[in-house]
>>> print(open('run.csv').read())   # CSV, C-alpha atoms
chain,number,residue,atom,x,y,z
A,1,MET,CA,142.6,163.7,17.2
A,2,GLN,CA,146.1,164.9,18.1
A,3,THR,CA,147.5,164.4,21.5
A,4,THR,CA,148.8,167.2,23.6
A,5,ARG,CA,152.4,166.1,22.8
A,6,GLN,CA,151.7,166.2,19.0
A,7,GLN,CA,150.0,169.6,19.2
A,8,LEU,CA,153.0,170.9,21.2
A,9,ILE,CA,155.5,169.5,18.7
A,10,GLY,CA,153.5,171.2,15.9
A,11,LEU,CA,153.7,174.6,17.7
A,12,ILE,CA,157.5,174.1,18.2
A,13,LYS,CA,158.0,173.2,14.5
A,14,ASN,CA,156.0,176.3,13.4
A,15,GLY,CA,158.1,178.6,15.6
A,16,ASN,CA,155.1,179.6,17.8
A,17,ILE,CA,157.1,178.9,20.9
A,18,GLU,CA,160.5,180.5,21.6
A,19,PRO,CA,163.4,178.0,22.1
A,20,SER,CA,164.0,179.4,25.6
A,21,ASN,CA,160.4,178.7,26.6
A,22,ILE,CA,160.2,175.1,25.3
A,23,PRO,CA,161.3,173.4,28.6
A,24,LYS,CA,158.6,175.4,30.5
A,25,ALA,CA,156.0,174.5,27.8
A,26,LEU,CA,156.9,170.8,28.1
A,27,GLU,CA,156.4,171.0,31.9
A,28,LEU,CA,153.2,173.0,31.8
A,29,THR,CA,151.5,170.6,29.3
A,30,GLY,CA,152.6,167.5,31.2
A,31,VAL,CA,154.8,166.1,28.5
A,32,TRP,CA,157.7,166.4,31.0
A,33,PRO,CA,156.5,165.2,34.4
A,34,ASN,CA,156.9,167.7,37.2
A,35,GLN,CA,157.3,167.1,40.9
A,36,SER,CA,153.5,166.9,41.4
A,37,SER,CA,153.2,164.3,38.6
A,38,TRP,CA,155.9,162.2,40.1
A,39,ALA,CA,154.1,162.3,43.5
A,40,GLN,CA,150.8,161.3,41.9
A,41,PHE,CA,152.5,158.4,40.1
A,42,LEU,CA,154.2,157.1,43.2
A,43,ASN,CA,151.0,157.4,45.1
A,44,LYS,CA,149.1,155.3,42.6
A,45,LEU,CA,151.9,152.8,42.3
A,46,LEU,CA,152.0,152.3,46.1
A,47,VAL,CA,148.2,152.0,46.4
A,48,TRP,CA,148.2,149.3,43.7
A,49,LEU,CA,151.2,147.4,45.0
A,50,GLY,CA,149.8,147.5,48.6
A,51,SER,CA,146.3,146.4,47.6
A,52,LEU,CA,147.6,143.5,45.4
A,53,ALA,CA,150.0,142.5,48.1
A,54,ILE,CA,147.2,142.3,50.7
A,55,ALA,CA,145.0,140.3,48.3
A,56,ILE,CA,147.8,137.8,47.5
A,57,SER,CA,148.9,137.6,51.1
A,58,VAL,CA,145.3,136.6,52.1
A,59,ILE,CA,145.3,133.8,49.5
A,60,PHE,CA,148.7,132.5,50.7
A,61,PHE,CA,147.7,132.8,54.3
A,62,ILE,CA,144.7,130.5,53.7
A,63,ALA,CA,146.8,128.1,51.7
A,64,PHE,CA,149.6,127.9,54.3
A,65,ASN,CA,147.2,127.4,57.3
A,66,TRP,CA,144.9,125.1,55.4
A,67,ASP,CA,144.9,122.4,58.0
A,68,ASP,CA,144.6,124.7,61.0
A,69,LEU,CA,141.6,126.7,59.6
A,70,GLY,CA,138.2,125.1,59.6
A,71,ARG,CA,135.7,125.3,56.8
A,72,PHE,CA,133.8,128.0,58.6
A,73,GLY,CA,136.9,130.1,59.1
A,74,LYS,CA,138.1,129.8,55.5
A,75,PHE,CA,134.8,130.7,53.9
A,76,VAL,CA,133.8,133.4,56.4
A,77,GLY,CA,137.3,135.0,56.1
A,78,VAL,CA,137.2,135.3,52.3
A,79,GLN,CA,133.6,136.3,52.0
A,80,ALA,CA,134.0,138.9,54.7
A,81,LEU,CA,136.9,140.4,52.7
A,82,ILE,CA,134.7,140.5,49.5
A,83,VAL,CA,131.9,142.2,51.4
A,84,ALA,CA,134.3,144.7,53.0
A,85,ALA,CA,135.8,145.6,49.6
A,86,ILE,CA,132.4,146.2,48.0
A,87,SER,CA,131.2,148.1,51.1
A,88,ILE,CA,134.3,150.4,51.1
A,89,TYR,CA,133.8,150.8,47.3
A,90,PHE,CA,130.5,152.6,47.9
A,91,TYR,CA,132.2,154.8,50.5
A,92,TYR,CA,134.8,156.0,48.0
A,93,GLN,CA,132.3,157.7,45.7
A,94,LYS,CA,134.6,160.6,45.0
A,95,LYS,CA,137.8,158.6,44.7
A,96,PRO,CA,137.8,156.7,41.3
A,97,LEU,CA,141.3,155.2,42.0
A,98,GLY,CA,140.2,153.7,45.3
A,99,GLN,CA,137.0,152.3,43.7
A,100,LYS,CA,139.0,150.7,40.8
A,101,VAL,CA,141.5,149.1,43.3
A,102,LEU,CA,138.7,147.8,45.5
A,103,LEU,CA,136.8,146.2,42.6
A,104,THR,CA,140.0,144.6,41.3
A,105,VAL,CA,140.8,143.2,44.8
A,106,ALA,CA,137.2,141.9,45.2
A,107,SER,CA,137.5,140.2,41.8
A,108,LEU,CA,140.7,138.4,42.9
A,109,PHE,CA,139.0,137.4,46.2
A,110,THR,CA,136.1,135.9,44.2
A,111,GLY,CA,138.5,133.6,42.3
A,112,ALA,CA,140.1,132.6,45.6
A,113,LEU,CA,136.6,131.8,47.0
A,114,LEU,CA,135.7,129.6,44.1
A,115,ALA,CA,139.0,127.8,44.3
A,116,LEU,CA,138.4,127.3,48.1
A,117,PHE,CA,135.0,126.0,47.4
A,118,HIS,CA,136.2,123.5,44.8
A,119,GLN,CA,139.1,122.3,47.0
A,120,THR,CA,137.1,122.0,50.1
A,121,TYR,CA,134.1,120.1,48.8
A,122,GLN,CA,135.9,118.3,45.9
A,123,THR,CA,133.1,119.1,43.6
A,124,GLY,CA,134.7,117.3,40.6
A,125,ALA,CA,134.1,120.3,38.4
A,126,ASP,CA,136.4,120.9,35.5
A,127,PRO,CA,138.8,123.8,35.6
A,128,TRP,CA,137.0,125.6,32.8
A,129,GLN,CA,133.8,125.7,34.9
A,130,LEU,CA,135.8,127.5,37.7
A,131,PHE,CA,137.1,130.1,35.3
A,132,PHE,CA,133.7,130.5,33.6
A,133,THR,CA,132.0,131.0,36.9
A,134,TRP,CA,134.7,133.4,38.0
A,135,ALA,CA,134.2,135.5,34.9
A,136,ALA,CA,130.4,135.4,35.2
A,137,LEU,CA,130.4,136.5,38.8
A,138,ILE,CA,132.7,139.5,38.3
A,139,THR,CA,130.9,140.7,35.1
A,140,PRO,CA,128.8,143.3,37.0
A,141,TRP,CA,131.9,144.8,38.7
A,142,VAL,CA,133.8,144.8,35.4
A,143,ILE,CA,131.0,146.8,33.7
A,144,ALA,CA,130.5,149.1,36.7
A,145,SER,CA,134.3,149.8,37.1
A,146,ARG,CA,134.8,151.4,33.6
A,147,PHE,CA,138.4,150.3,34.2
A,148,ALA,CA,140.5,148.8,31.3
A,149,THR,CA,142.6,146.5,33.7
A,150,LEU,CA,139.4,144.7,34.9
A,151,TRP,CA,138.2,144.3,31.4
A,152,PHE,CA,141.5,142.8,30.5
A,153,ILE,CA,141.2,140.4,33.5
A,154,GLN,CA,137.8,139.4,32.1
A,155,VAL,CA,139.4,138.7,28.7
A,156,PHE,CA,142.1,136.7,30.3
A,157,LEU,CA,139.5,134.6,32.2
A,158,ILE,CA,137.6,134.0,28.9
A,159,ASN,CA,140.7,132.7,27.3
A,160,LEU,CA,141.4,130.4,30.2
A,161,THR,CA,137.8,129.1,30.1
A,162,ILE,CA,138.0,128.3,26.4
A,163,PHE,CA,141.4,126.7,26.4
A,164,THR,CA,140.8,124.6,29.5
A,165,TYR,CA,137.5,123.4,28.0
A,166,LEU,CA,139.2,122.6,24.7
A,167,TYR,CA,142.0,120.8,26.5
A,168,ILE,CA,139.4,118.4,27.8
A,169,SER,CA,136.9,118.3,24.9
A,170,ASN,CA,138.3,119.2,21.5
A,171,ARG,CA,135.7,117.6,19.2
A,172,PHE,CA,134.4,120.5,17.2
A,173,PHE,CA,137.5,122.5,16.5
A,174,GLY,CA,139.6,119.3,16.3
A,175,ILE,CA,137.5,118.1,13.4
A,176,ILE,CA,137.8,121.5,11.6
A,177,PHE,CA,141.5,122.4,12.1
A,178,GLY,CA,143.0,119.1,13.3
A,179,ASN,CA,143.8,118.2,16.9
A,180,ASP,CA,147.4,119.4,16.7
A,181,THR,CA,146.6,123.0,15.8
A,182,SER,CA,143.1,123.6,17.0
A,183,LEU,CA,144.2,125.4,20.2
A,184,LEU,CA,146.3,127.8,18.1
A,185,TRP,CA,143.4,128.5,15.7
A,186,VAL,CA,141.0,129.1,18.6
A,187,GLY,CA,143.5,131.4,20.3
A,188,PHE,CA,143.9,133.4,17.1
A,189,ILE,CA,140.2,133.6,16.3
A,190,VAL,CA,139.1,134.4,19.9
A,191,ASN,CA,141.7,137.1,20.5
A,192,ALA,CA,141.3,138.6,17.0
A,193,VAL,CA,137.6,139.0,17.6
A,194,ILE,CA,138.2,140.5,21.1
A,195,LEU,CA,140.8,142.9,19.5
A,196,VAL,CA,138.4,144.1,16.9
A,197,ALA,CA,135.6,144.5,19.4
A,198,TRP,CA,137.9,146.4,21.9
A,199,GLU,CA,139.1,148.8,19.2
A,200,ILE,CA,135.5,149.5,18.1
A,201,ALA,CA,134.3,150.0,21.7
A,202,ALA,CA,137.3,152.3,22.4
A,203,THR,CA,135.9,154.8,19.9
A,204,ARG,CA,132.9,155.2,22.1
A,205,PHE,CA,134.2,154.5,25.6
A,206,GLU,CA,137.2,156.7,26.6
A,207,PHE,CA,138.4,154.3,29.4
A,208,LEU,CA,139.1,151.6,26.8
A,209,ASN,CA,141.6,153.8,25.1
A,210,THR,CA,144.3,152.4,27.4
A,211,ARG,CA,146.7,150.8,24.9
A,212,TRP,CA,148.6,148.1,26.9
A,213,PRO,CA,145.6,145.7,27.1
A,214,VAL,CA,145.0,146.0,23.4
A,215,ARG,CA,148.6,145.3,22.6
A,216,LEU,CA,148.7,142.2,24.8
A,217,ILE,CA,145.6,140.9,23.1
A,218,ALA,CA,147.2,141.6,19.7
A,219,VAL,CA,150.4,139.8,20.8
A,220,ALA,CA,148.4,136.7,21.7
A,221,SER,CA,146.4,136.7,18.4
A,222,GLY,CA,149.5,137.6,16.3
A,223,SER,CA,151.7,135.0,18.0
A,224,ALA,CA,149.1,132.3,17.3
A,225,ILE,CA,148.7,133.0,13.6
A,226,THR,CA,152.4,133.5,13.1
A,227,PHE,CA,153.1,130.1,14.7
A,228,LEU,CA,150.4,128.5,12.5
A,229,ALA,CA,152.1,130.0,9.4
A,230,LEU,CA,155.4,128.6,10.6
A,231,LEU,CA,153.9,125.1,11.1
A,232,SER,CA,152.5,125.2,7.6
A,233,ILE,CA,155.9,126.0,6.2
A,234,PHE,CA,157.6,123.2,8.2
A,235,ASP,CA,155.0,120.7,6.9
A,236,TYR,CA,157.0,118.9,4.2
A,237,ARG,CA,154.2,116.6,3.2
A,238,GLU,CA,151.7,119.3,2.3
A,239,MET,CA,151.9,123.0,2.7
A,240,THR,CA,148.4,124.1,3.5
A,241,LEU,CA,147.6,127.6,2.3
A,242,LEU,CA,145.0,128.4,4.8
A,243,ALA,CA,147.3,129.7,7.6
A,244,PRO,CA,149.7,131.6,5.3
A,245,CYS,CA,146.8,133.3,3.5
A,246,ILE,CA,145.2,134.3,6.7
A,247,TRP,CA,148.5,135.5,8.1
A,248,ILE,CA,149.0,137.7,5.0
A,249,ILE,CA,145.5,139.2,5.4
A,250,CYS,CA,146.1,139.9,9.1
A,251,MET,CA,149.4,141.6,8.3
A,252,LEU,CA,147.8,143.8,5.7
A,253,CYS,CA,144.9,144.7,8.0
A,254,LEU,CA,147.4,145.5,10.8
A,255,PHE,CA,149.5,147.8,8.6
A,256,TYR,CA,146.4,149.6,7.3
A,257,LEU,CA,144.6,150.0,10.6
A,258,TYR,CA,147.6,151.0,12.7
A,259,ARG,CA,149.3,153.1,10.0
A,260,LYS,CA,146.3,155.0,8.6
A,261,ILE,CA,143.3,154.8,10.9
A,262,LYS,CA,144.7,154.4,14.5
A,263,PRO,CA,148.5,155.0,14.5
A,264,ASP,CA,150.3,152.6,16.8
A,265,LEU,CA,154.0,152.1,16.5
A,266,PHE,CA,154.0,149.0,18.7
A,267,MET,CA,151.5,147.2,16.5
A,268,LEU,CA,153.5,148.0,13.4
A,269,THR,CA,156.7,146.8,15.1
A,270,MET,CA,155.0,143.5,16.0
A,271,ALA,CA,153.9,143.1,12.4
A,272,CYS,CA,157.4,143.7,11.1
A,273,LEU,CA,158.9,141.1,13.6
A,274,SER,CA,156.3,138.6,12.5
A,275,GLY,CA,157.1,139.2,8.8
A,276,ILE,CA,160.8,138.8,9.4
A,277,ILE,CA,160.3,135.5,11.2
A,278,VAL,CA,157.9,134.0,8.6
A,279,ILE,CA,159.9,135.1,5.6
A,280,THR,CA,163.2,133.9,7.0
A,281,THR,CA,161.7,130.6,7.9
A,282,PHE,CA,160.1,130.2,4.4
A,283,VAL,CA,163.4,131.0,2.7
A,284,SER,CA,165.4,128.7,4.9
A,285,VAL,CA,163.0,125.7,4.7
A,286,ARG,CA,161.4,126.0,1.2
A,287,VAL,CA,164.2,127.6,-0.9
A,288,PHE,CA,167.4,126.0,0.4
A,289,ASP,CA,167.6,122.2,0.4
A,290,ASN,CA,170.6,122.0,2.7
A,291,PHE,CA,172.6,124.2,4.9
A,292,ASN,CA,176.3,125.2,4.6
A,293,GLU,CA,178.4,128.2,5.5
A,294,GLY,CA,177.3,130.2,2.4
A,295,ILE,CA,173.6,129.6,2.9
A,296,LEU,CA,173.8,130.5,6.6
A,297,LEU,CA,175.6,133.7,5.6
A,298,LEU,CA,172.9,134.5,3.1
A,299,LEU,CA,170.2,133.9,5.8
A,300,ALA,CA,172.1,136.2,8.2
A,301,MET,CA,172.3,138.9,5.6
A,302,LEU,CA,168.6,138.5,4.8
A,303,VAL,CA,167.7,138.9,8.5
A,304,ILE,CA,170.0,141.9,8.9
A,305,GLY,CA,168.6,143.5,5.7
A,306,MET,CA,164.9,143.0,6.7
A,307,GLY,CA,165.7,144.2,10.2
A,308,SER,CA,167.5,147.3,9.0
A,309,ALA,CA,164.7,148.1,6.5
A,310,SER,CA,162.1,147.7,9.2
A,311,ALA,CA,164.0,150.0,11.6
A,312,ILE,CA,164.4,152.7,8.9
A,313,TRP,CA,160.7,152.5,8.0
A,314,LEU,CA,159.6,152.5,11.6
A,315,ARG,CA,161.7,155.6,12.3
A,316,LYS,CA,160.1,157.3,9.3
A,317,VAL,CA,156.6,156.4,10.6
A,318,ASN,CA,157.6,157.5,14.1
A,319,LYS,CA,158.4,161.0,12.8
A,320,GLU,CA,155.1,161.0,10.9
A,321,PHE,CA,153.2,160.1,14.1
A,322,ASN,CA,155.0,163.0,15.8
A,323,TYR,CA,156.2,160.9,18.7
A,324,VAL,CA,159.3,162.0,20.6
>>> encode(input="run.csv", output="structure tokens")
Amino acid sequence: MQTTRQQLIGLIKNGNIEPSNIPKALELTGVWPNQSSWAQFLNKLLVWLGSLAIAISVIFFIAFNWDDLGRFGKFVGVQALIVAAISIYFYYQKKPLGQKVLLTVASLFTGALLALFHQTYQTGADPWQLFFTWAALITPWVIASRFATLWFIQVFLINLTIFTYLYISNRFFGIIFGNDTSLLWVGFIVNAVILVAWEIAATRFEFLNTRWPVRLIAVASGSAITFLALLSIFDYREMTLLAPCIWIICMLCLFYLYRKIKPDLFMLTMACLSGIIVITTFVSVRVFDNFNEGILLLLAMLVIGMGSASAIWLRKVNKEFNYV
């Protein structure tokens, strides 16, 4: 399905809009923001910044006055803020922005409450239990919010839960992948699964079509498999083929998915960057035995050539996607 921008570009190319009317068409369709659009943007920005500032200031206030506030004051203060946020949420039935902000703030206060409980009573719980409980408690709000940012916070908490758990107990994945690379493998697998699930869910739920969370998840998964491929190349004793093969498969899937099925220039750019890094590393480590001025010059030319070819190809793809 074409966006409004793409449809407008098609009309301009076909000559359906007079050149003199193009600026007006851009403004009416919202491609160029007008005064009202800027006012709405600033209003949303200030609401978010103000709400997050209040949430963070409460957390710092409790931390700064830790010795002066009693247990009752600390817990009642944070719990009262959570109850107030949820109560106001039901009041803003016709203001979706206000509801999203309130649920986000309530989720942050929930994490602060759990940290406060852990610090006050010295429960001895591991950090992964804190993050897991936090993610579990805010799950109903995440589902009810239909807000991509809260879903991304949930994904972030899931990552923290898994990594803090594996940092303490790395038995299962340590046996499979080795203790040195198990965290990277888990990071790749978990975020790759989340990425696929998010993209599939986005075809059904419109609010998940926000692209920045998906791109950050892809960066996390792509960075992990790229680094695993690099470690495999640098291993002089034995170059295992598992990581490079999976890296190649991932790159092919990325190019096919975000070139043919769901066009996304950012994802293609990330794949090109990963390819340049891995290929340059492979040539420098596995092809050349030692380095001198001539070899460094060849490597520089290789990087420039691949970078230029990627830029030319991405510009061509950009035109096909009808982005401006």
>>> closest_residue(input="run.csv", among="A:Asn292, A:Thr120, A:Thr269, A:Ser145", to="Ser310 in chain A", atoms="all atoms listed in the file")
A:Thr269
>>> residues_around(input="run.csv", residues="range 35-49 of chain A", least_positions_apart="3", cutoff="9 Å", atoms="all atoms listed in the file", output="MDAnalysis selection string")
chainID A and resid 30 52:54 97:98 101
>>> residues_near_point(input="run.csv", point="(151.2, 133.4, 10.2)", cutoff="9 Å", atoms="only C-alpha atoms", output="list in words")
Gly222, Ser223, Ala224, Ile225, Thr226, Phe227, Leu228, Ala229, Leu230, Leu231, Ser232, Ala243, Pro244, Cys245, Ile246, Trp247, Ile248, Cys250, Met251, Ser274, Gly275 and Val278 of chain A
>>> write_last_selection(input="run.csv", atoms="C-alpha atoms", output="PDB file, in the coordinates of the input")
ATOM      1  CA  GLY A 222     149.500 137.600  16.300  1.00  0.00           C
ATOM      2  CA  SER A 223     151.700 135.000  18.000  1.00  0.00           C
ATOM      3  CA  ALA A 224     149.100 132.300  17.300  1.00  0.00           C
ATOM      4  CA  ILE A 225     148.700 133.000  13.600  1.00  0.00           C
ATOM      5  CA  THR A 226     152.400 133.500  13.100  1.00  0.00           C
ATOM      6  CA  PHE A 227     153.100 130.100  14.700  1.00  0.00           C
ATOM      7  CA  LEU A 228     150.400 128.500  12.500  1.00  0.00           C
ATOM      8  CA  ALA A 229     152.100 130.000   9.400  1.00  0.00           C
ATOM      9  CA  LEU A 230     155.400 128.600  10.600  1.00  0.00           C
ATOM     10  CA  LEU A 231     153.900 125.100  11.100  1.00  0.00           C
ATOM     11  CA  SER A 232     152.500 125.200   7.600  1.00  0.00           C
ATOM     12  CA  ALA A 243     147.300 129.700   7.600  1.00  0.00           C
ATOM     13  CA  PRO A 244     149.700 131.600   5.300  1.00  0.00           C
ATOM     14  CA  CYS A 245     146.800 133.300   3.500  1.00  0.00           C
ATOM     15  CA  ILE A 246     145.200 134.300   6.700  1.00  0.00           C
ATOM     16  CA  TRP A 247     148.500 135.500   8.100  1.00  0.00           C
ATOM     17  CA  ILE A 248     149.000 137.700   5.000  1.00  0.00           C
ATOM     18  CA  CYS A 250     146.100 139.900   9.100  1.00  0.00           C
ATOM     19  CA  MET A 251     149.400 141.600   8.300  1.00  0.00           C
ATOM     20  CA  SER A 274     156.300 138.600  12.500  1.00  0.00           C
ATOM     21  CA  GLY A 275     157.100 139.200   8.800  1.00  0.00           C
ATOM     22  CA  VAL A 278     157.900 134.000   8.600  1.00  0.00           C
TER      23      VAL A 278
END
>>> residues_around(input="run.csv", residues="range 82-91 of chain A", least_positions_apart="4", cutoff="9 Å", atoms="all atoms listed in the file", output="number ranges by chain")
A: 77-78, 95, 98-103, 105-107, 109-110
>>> write_last_selection(input="run.csv", atoms="C-alpha atoms", output="PDB file, in the frame of the given file")
ATOM      1  CA  GLY A  77     137.300 135.000  56.100  1.00  0.00           C
ATOM      2  CA  VAL A  78     137.200 135.300  52.300  1.00  0.00           C
ATOM      3  CA  LYS A  95     137.800 158.600  44.700  1.00  0.00           C
ATOM      4  CA  GLY A  98     140.200 153.700  45.300  1.00  0.00           C
ATOM      5  CA  GLN A  99     137.000 152.300  43.700  1.00  0.00           C
ATOM      6  CA  LYS A 100     139.000 150.700  40.800  1.00  0.00           C
ATOM      7  CA  VAL A 101     141.500 149.100  43.300  1.00  0.00           C
ATOM      8  CA  LEU A 102     138.700 147.800  45.500  1.00  0.00           C
ATOM      9  CA  LEU A 103     136.800 146.200  42.600  1.00  0.00           C
ATOM     10  CA  VAL A 105     140.800 143.200  44.800  1.00  0.00           C
ATOM     11  CA  ALA A 106     137.200 141.900  45.200  1.00  0.00           C
ATOM     12  CA  SER A 107     137.500 140.200  41.800  1.00  0.00           C
ATOM     13  CA  PHE A 109     139.000 137.400  46.200  1.00  0.00           C
ATOM     14  CA  THR A 110     136.100 135.900  44.200  1.00  0.00           C
TER      15      THR A 110
END
>>> closest_residue(input="run.csv", among="A:Ala135, A:Val193, A:Ile200, A:Leu81", to="Lys262 in chain A", atoms="all atoms listed in the file")
A:Ile200
>>> atom_distance(input="run.csv", atom1="CA of Asp126 in chain A", atom2="CA of Tyr167 in chain A")
10.6 Å
>>> atom_distance(input="run.csv", atom1="CA of Leu268 in chain A", atom2="CA of Ala309 in chain A")
13.2 Å
>>> build_atoms(input="run.csv", residues="range 95-115 of chain A", atoms="N, CA and C atoms", output="short mmCIF file (atom, residue, chain, number, x, y, z; two decimals), in the coordinates of the input")
data_model
loop_
_atom_site.label_atom_id
_atom_site.label_comp_id
_atom_site.auth_asym_id
_atom_site.auth_seq_id
_atom_site.Cartn_x
_atom_site.Cartn_y
_atom_site.Cartn_z
N LYS A 95 136.43 159.02 44.86
CA LYS A 95 137.80 158.60 44.70
C LYS A 95 137.85 157.46 43.67
N PRO A 96 137.90 157.77 42.36
CA PRO A 96 137.80 156.70 41.30
C PRO A 96 138.97 155.69 41.47
N LEU A 97 140.17 156.15 41.84
CA LEU A 97 141.30 155.20 42.00
C LEU A 97 140.99 154.17 43.05
N GLY A 98 140.48 154.64 44.20
CA GLY A 98 140.20 153.70 45.30
C GLY A 98 139.08 152.72 44.86
N GLN A 99 138.08 153.17 44.10
CA GLN A 99 137.00 152.30 43.70
C GLN A 99 137.56 151.21 42.70
N LYS A 100 138.44 151.62 41.79
CA LYS A 100 139.00 150.70 40.80
C LYS A 100 139.85 149.61 41.57
N VAL A 101 140.64 150.06 42.55
CA VAL A 101 141.50 149.10 43.30
C VAL A 101 140.60 148.14 44.07
N LEU A 102 139.54 148.63 44.70
CA LEU A 102 138.70 147.80 45.50
C LEU A 102 137.95 146.73 44.65
N LEU A 103 137.48 147.13 43.48
CA LEU A 103 136.80 146.20 42.60
C LEU A 103 137.79 145.12 42.08
N THR A 104 139.01 145.54 41.79
CA THR A 104 140.00 144.60 41.30
C THR A 104 140.34 143.57 42.44
N VAL A 105 140.52 144.06 43.66
CA VAL A 105 140.80 143.20 44.80
C VAL A 105 139.62 142.24 45.03
N ALA A 106 138.38 142.76 44.97
CA ALA A 106 137.20 141.90 45.20
C ALA A 106 137.12 140.84 44.09
N SER A 107 137.52 141.17 42.87
CA SER A 107 137.50 140.20 41.80
C SER A 107 138.52 139.06 42.06
N LEU A 108 139.69 139.42 42.58
CA LEU A 108 140.70 138.40 42.90
C LEU A 108 140.20 137.53 44.08
N PHE A 109 139.56 138.14 45.06
CA PHE A 109 139.00 137.40 46.20
C PHE A 109 137.91 136.42 45.72
N THR A 110 137.16 136.82 44.70
CA THR A 110 136.10 135.90 44.20
C THR A 110 136.73 134.67 43.58
N GLY A 111 137.81 134.82 42.84
CA GLY A 111 138.50 133.60 42.30
C GLY A 111 139.03 132.76 43.43
N ALA A 112 139.57 133.39 44.49
CA ALA A 112 140.10 132.60 45.60
C ALA A 112 138.93 131.86 46.32
N LEU A 113 137.75 132.49 46.42
CA LEU A 113 136.60 131.80 47.00
C LEU A 113 136.15 130.63 46.24
N LEU A 114 136.12 130.76 44.92
CA LEU A 114 135.70 129.60 44.10
C LEU A 114 136.71 128.49 44.17
N ALA A 115 138.00 128.82 44.17
CA ALA A 115 139.00 127.80 44.30
C ALA A 115 138.91 127.10 45.69
#
